[in-house]
Amino acid sequence: MTSSASQKAELTMAPSRSPLSRKSIVEAMTELLGSGAVETSVVQLKAASVDRFRKYTSVHDIYDGPIPAAILYPESTADVAAILRFAEEKLVNIVPRTGQTATEGGLETVVEDSLVVDGSRMNAILSIDPVDMMATAQCGVGLQELEDTLRAQGLTTGHSPQSKPLAEMGGLVATRSIGQFSTLYGGIEDLVIGLEAVFPGGRVVRIKNVPRRAAGPDIRHIIIGSEGALCFITEVTVKLFRYRPENNRYFGFLVGDFASGIDALRELITAGYRPSVCRVYSPEDARQHFAGFYQGKNIVVFVAEGPKGIADATAEAIEELFSGRPHERVDSGLIQRWFENLNWGQDKIDAEKAAMLEDAHLGFTTEVSIDWSRVSDLFDAVMSRIRSEFSRAGDLTMLGAHSSHSYQTGTNLYFVYDYTINCSPREEIEVYHKPLNAIIVTEALRAGGSMVHHHGIGKYRTPWVRQEHGSAYYLLSTLKHAFDPEGVMNAGTIFPLEPEAGAHDTAS
Ligand SMILES: Cc1cc2nc3c(=O)[nH]c(=O)nc-3n(C[C@H](O)[C@H](O)[C@H](O)COP(=O)(O)OP(=O)(O)OC[C@H]3O[C@@H](n4cnc5c(N)ncnc54)[C@H](O)[C@@H]3O)c2cc1C
């Protein structure tokens with residue numbers, strides 16, 4: 001193979017093509033799992049062919065992609081192993097799912113006659129260990145349920161994504177999710193101790209629970225963030241912390257410009273403090289959260305938590321930080337109330353659906369990450385490029401950003417954009433969402449950042465995956481070829497199916 005041919009092989013992955021008919025696939029699954037575990041209603045299958053990337057088309061009942069052959073509900077690891085054995089042998093594409101809150105197309109069934117494997121009936125909390133401080137849960141345990149159970153015992157995982165009321169453990173690990181208290185507790189990759197997963201062909205692997213080890217590379221990271229494109233996660237063990245909400249301290253400060261808000265976060269974090277929440281919102285973004293009191297300014301928000309001495313010391317450092325900076329103080333009760341209503345459950349999803357049907361208006365987000373020294377330049381570059389280059393800029397009703405997860409070396413930027421849709425519902429993604437996403441992603445890559453901070457690559461950021469990883473893409477694509485040689489796991493997710501015309505493949 002020439003070097004450019006081998007580069008192409010690295011870049012692409014052929015989808016599986018099953019020799020079986022749709023009917024035979026469904027019959028085989030019914031025989032394997034029983035009819036109660038095989039869903040074939042057209043309404044359910046249509047809904048299972050997309051995720052929230054296509055929330056606008058789906059609310060208008062537009063489903064243009066392949067509709068899966070069935071949704072399967074395994075009840076055990078053995079069931080999952082049997083399904084994945086069949087899938088590899090008969091070349092049937094598998095799309096794993098749990099809480100269905102994916103936003104980047106990870107749940108889209110882009111191959112004909114796919115099987116959606118829904119882990120939500122595998123929903124047992126298997127153990128809670130308050131001595132070794134870990135809990136083990138099956139993939140279909142909702143994070144809300146796990147957290148409610150733990151908090152009643154004075155414990156917490158510390159993981160609290162905005163989708164907590166809906167997301168489940170398998171998907172949370174598969175997407176490399178992050179919670180709102182991440183600056184203190186870390187992302188899911190910092191919380192997972194061990195896990196169990198099933199690979200194509202039905203091979204079950206268990207990565208044992210140990211506090212740390214130096215026994216080769218950290219193999220948990222082959223699974224964490226694999227987005228259903230390598231394996232099906234069946235069980236997860238996560239760290240626990242003591243739950244001490246009584247020590248929480250809430251802070252809000254209005255500041256004149258976004259860059260000075262970012263600088264305040266940087267100073268606090270690099271000095272070694274770890275507030276659980278550490279955010280700055282641009283005025284446009286602040287308006288949708290803090291309309292009553294943001295006064296047209298940027299807002300910096302902190303929560304200090306943990307054992308009382310640590311929460312107090314963090315609070316003191318926050319006060320000291322702002323004593324030397326121009327600001328206006330926001331009442332901490334307002335910040336606490338805002339924070340307590342931030343999560344999205346089914347009620348907010350339903351309200352959004354109703355609003356989308358009533359108004360041709362939509363909101364989306366794209367999240368990236370970048371070093372401290374370049375974050376303000378990236379913010380400015382994205383805002384100005386969208387305003388000057390996006391052909392439908394006049395339809396934007398809001399364009400802003402916030403930073404919500406910070407690290408010793410940098411932070412994330414979460415761009416938010418709302419627009420009025422002046423085209424047919426079917427065209428919405430091509431006319432609005434994809435071009436806006438592309439500007440943000442390409443600017444993040446140009447600035448040396450990452451094109452995705454926590455939502456995963458899904459199927460819509462694959463045109464840039466090779467540029468994201470550069471020479472290290474070799475490692476990622478080798479995993480796919482090694483663990484899923486027939487390409488039956490979530491085709492088109494993480495790994496592009498075909499070379500994209502004009503793809504941004506400039507990395508060497
Ligand atoms: C309103 C809202 C708020 C959100 N807030 C946050 C946030 O604060 N932080 C954050 O990180 N994300 C957030 N997200 C994104 C989303 O909630 C996360 O990506 C979440 O981790 C997905 O979990 P899920 O159980 O819903 O997975 P699903 O949507 O079912 O699946 C997500 C992906 O994981 C794969 N997958 C699912 N289950 C398995 C499994 N058992 N084995 C292997 N692969 C699997 C799927 O194939 C898919 O690619 C938000 C989404 C919404 C809609």
# chains A, B, ... in the order shown; residues from 1 in each chain; ligands from 1
$ residues_near_ligand --ligand "ligand 1" --cutoff "7 Å" --atoms "only C-alpha atoms and all ligand atoms" --output "PyMOL selection string"
chain A and resi 52+95-103+106-107+119+139+160-163+166-180+226-228+231-234+344+454-456+458+490+493
$ write_last_selection --atoms "C-alpha atoms" --output "short mmCIF file (atom, residue, chain, number, x, y, z; two decimals), in the first residue's frame"
data_model
loop_
_atom_site.label_atom_id
_atom_site.label_comp_id
_atom_site.auth_asym_id
_atom_site.auth_seq_id
_atom_site.Cartn_x
_atom_site.Cartn_y
_atom_site.Cartn_z
CA ARG A 52 -30.92 15.52 19.32
CA VAL A 95 -26.00 1.29 17.68
CA PRO A 96 -25.71 1.15 21.48
CA ARG A 97 -27.88 3.55 23.49
CA THR A 98 -28.99 4.25 27.05
CA GLY A 99 -30.47 7.62 28.08
CA GLN A 100 -30.91 8.98 24.50
CA THR A 101 -29.65 12.48 25.30
CA ALA A 102 -26.88 12.39 22.65
CA THR A 103 -26.46 15.66 20.77
CA GLY A 106 -24.03 9.27 17.94
CA LEU A 107 -27.42 7.54 17.93
CA GLY A 119 -29.20 -0.99 27.74
CA CYS A 139 -25.19 0.64 32.12
CA SER A 160 -23.72 16.24 37.56
CA PRO A 161 -24.17 16.96 33.84
CA GLN A 162 -27.15 19.11 32.97
CA SER A 163 -28.74 15.96 31.48
CA LEU A 166 -32.18 11.49 31.78
CA ALA A 167 -28.64 10.25 31.04
CA GLU A 168 -27.61 6.74 32.10
CA MET A 169 -24.26 5.29 33.17
CA GLY A 170 -23.38 3.55 29.87
CA GLY A 171 -23.88 6.67 27.75
CA LEU A 172 -22.20 8.93 30.30
CA VAL A 173 -19.03 6.84 30.10
CA ALA A 174 -19.27 6.26 26.34
CA THR A 175 -19.38 10.02 25.61
CA ARG A 176 -16.64 11.08 28.10
CA SER A 177 -19.24 13.27 29.75
CA ILE A 178 -18.54 16.01 32.25
CA GLY A 179 -20.61 17.40 35.11
CA GLN A 180 -21.25 20.90 36.37
CA SER A 226 -15.62 5.20 22.61
CA GLU A 227 -19.20 6.37 21.77
CA GLY A 228 -20.46 2.87 20.98
CA CYS A 231 -17.83 -1.97 22.36
CA PHE A 232 -21.00 -2.04 24.48
CA ILE A 233 -20.46 -0.93 28.10
CA THR A 234 -22.46 -3.13 30.49
CA TRP A 344 -32.92 19.27 31.92
CA HIS A 454 -17.53 16.95 26.16
CA HIS A 455 -20.36 16.06 23.76
CA GLY A 456 -18.34 13.53 21.75
CA GLY A 458 -20.79 11.64 17.13
CA ASN A 490 -21.97 2.33 15.40
CA THR A 493 -19.41 7.54 14.73
#
$ residues_around --residues "A:Gly201" --least-positions-apart "4" --cutoff "8 Å" --atoms "only C-alpha atoms" --output "list in words"
Ala81, Leu84, Arg85, Phe86, Ala87, Glu88 and Glu89 of chain A
$ write_last_selection --atoms "N, CA, C and O atoms" --output "PDB file, in the first residue's frame"
ATOM      1  N   ALA A  81     -23.658 -10.067  24.866  1.00  0.00           N
ATOM      2  CA  ALA A  81     -22.621 -10.868  24.201  1.00  0.00           C
ATOM      3  C   ALA A  81     -23.224 -11.655  23.032  1.00  0.00           C
ATOM      4  O   ALA A  81     -22.628 -11.746  21.952  1.00  0.00           O
ATOM      5  N   LEU A  84     -23.840  -9.250  20.118  1.00  0.00           N
ATOM      6  CA  LEU A  84     -22.616  -8.809  19.427  1.00  0.00           C
ATOM      7  C   LEU A  84     -21.924  -9.957  18.680  1.00  0.00           C
ATOM      8  O   LEU A  84     -21.224  -9.729  17.697  1.00  0.00           O
ATOM      9  N   ARG A  85     -22.149 -11.188  19.150  1.00  0.00           N
ATOM     10  CA  ARG A  85     -21.636 -12.369  18.416  1.00  0.00           C
ATOM     11  C   ARG A  85     -22.361 -12.460  17.074  1.00  0.00           C
ATOM     12  O   ARG A  85     -21.759 -12.599  16.020  1.00  0.00           O
ATOM     13  N   PHE A  86     -23.688 -12.355  17.150  1.00  0.00           N
ATOM     14  CA  PHE A  86     -24.522 -12.407  15.935  1.00  0.00           C
ATOM     15  C   PHE A  86     -24.136 -11.257  14.994  1.00  0.00           C
ATOM     16  O   PHE A  86     -23.972 -11.449  13.780  1.00  0.00           O
ATOM     17  N   ALA A  87     -23.963 -10.061  15.560  1.00  0.00           N
ATOM     18  CA  ALA A  87     -23.698  -8.871  14.732  1.00  0.00           C
ATOM     19  C   ALA A  87     -22.408  -9.029  13.937  1.00  0.00           C
ATOM     20  O   ALA A  87     -22.362  -8.723  12.747  1.00  0.00           O
ATOM     21  N   GLU A  88     -21.379  -9.529  14.612  1.00  0.00           N
ATOM     22  CA  GLU A  88     -20.104  -9.663  13.890  1.00  0.00           C
ATOM     23  C   GLU A  88     -20.184 -10.761  12.828  1.00  0.00           C
ATOM     24  O   GLU A  88     -19.714 -10.604  11.702  1.00  0.00           O
ATOM     25  N   GLU A  89     -20.850 -11.850  13.200  1.00  0.00           N
ATOM     26  CA  GLU A  89     -20.938 -12.973  12.257  1.00  0.00           C
ATOM     27  C   GLU A  89     -21.789 -12.605  11.037  1.00  0.00           C
ATOM     28  O   GLU A  89     -21.443 -12.923   9.899  1.00  0.00           O
TER      29      GLU A  89
END
$ residues_around --residues "stretch 399-403 of chain A" --least-positions-apart "6" --cutoff "10 Å" --atoms "only C-alpha atoms" --output "number ranges by chain"
A: 258, 261-262, 265, 278-287, 298-300, 363, 365-369, 375, 379, 382-383, 386-387, 393, 411-419
$ closest_atom_pairs --of "stretch 163-255 of chain A" --to "stretch 321-343 of chain A" --cutoff "7 Å" --atoms "only C-alpha atoms" --output "JSON lines"
{"residue": "A:Ser163", "atom": "CA", "partner": "A:Asn343", "partner_atom": "CA", "distance": 6.1}
{"residue": "A:Lys164", "atom": "CA", "partner": "A:Asn343", "partner_atom": "CA", "distance": 6.9}
{"residue": "A:Tyr250", "atom": "CA", "partner": "A:Ser332", "partner_atom": "CA", "distance": 5.2}
{"residue": "A:Phe251", "atom": "CA", "partner": "A:Ser332", "partner_atom": "CA", "distance": 5.2}
{"residue": "A:Gly252", "atom": "CA", "partner": "A:Val330", "partner_atom": "CA", "distance": 4.9}
{"residue": "A:Phe253", "atom": "CA", "partner": "A:Arg329", "partner_atom": "CA", "distance": 4.8}
{"residue": "A:Leu254", "atom": "CA", "partner": "A:Glu328", "partner_atom": "CA", "distance": 5.0}
{"residue": "A:Val255", "atom": "CA", "partner": "A:His327", "partner_atom": "CA", "distance": 5.0}
$ residues_around --residues "A:Ser114" --least-positions-apart "6" --cutoff "7 Å" --atoms "only C-alpha atoms" --output "PyMOL selection string"
chain A and resi 68-69+92-94
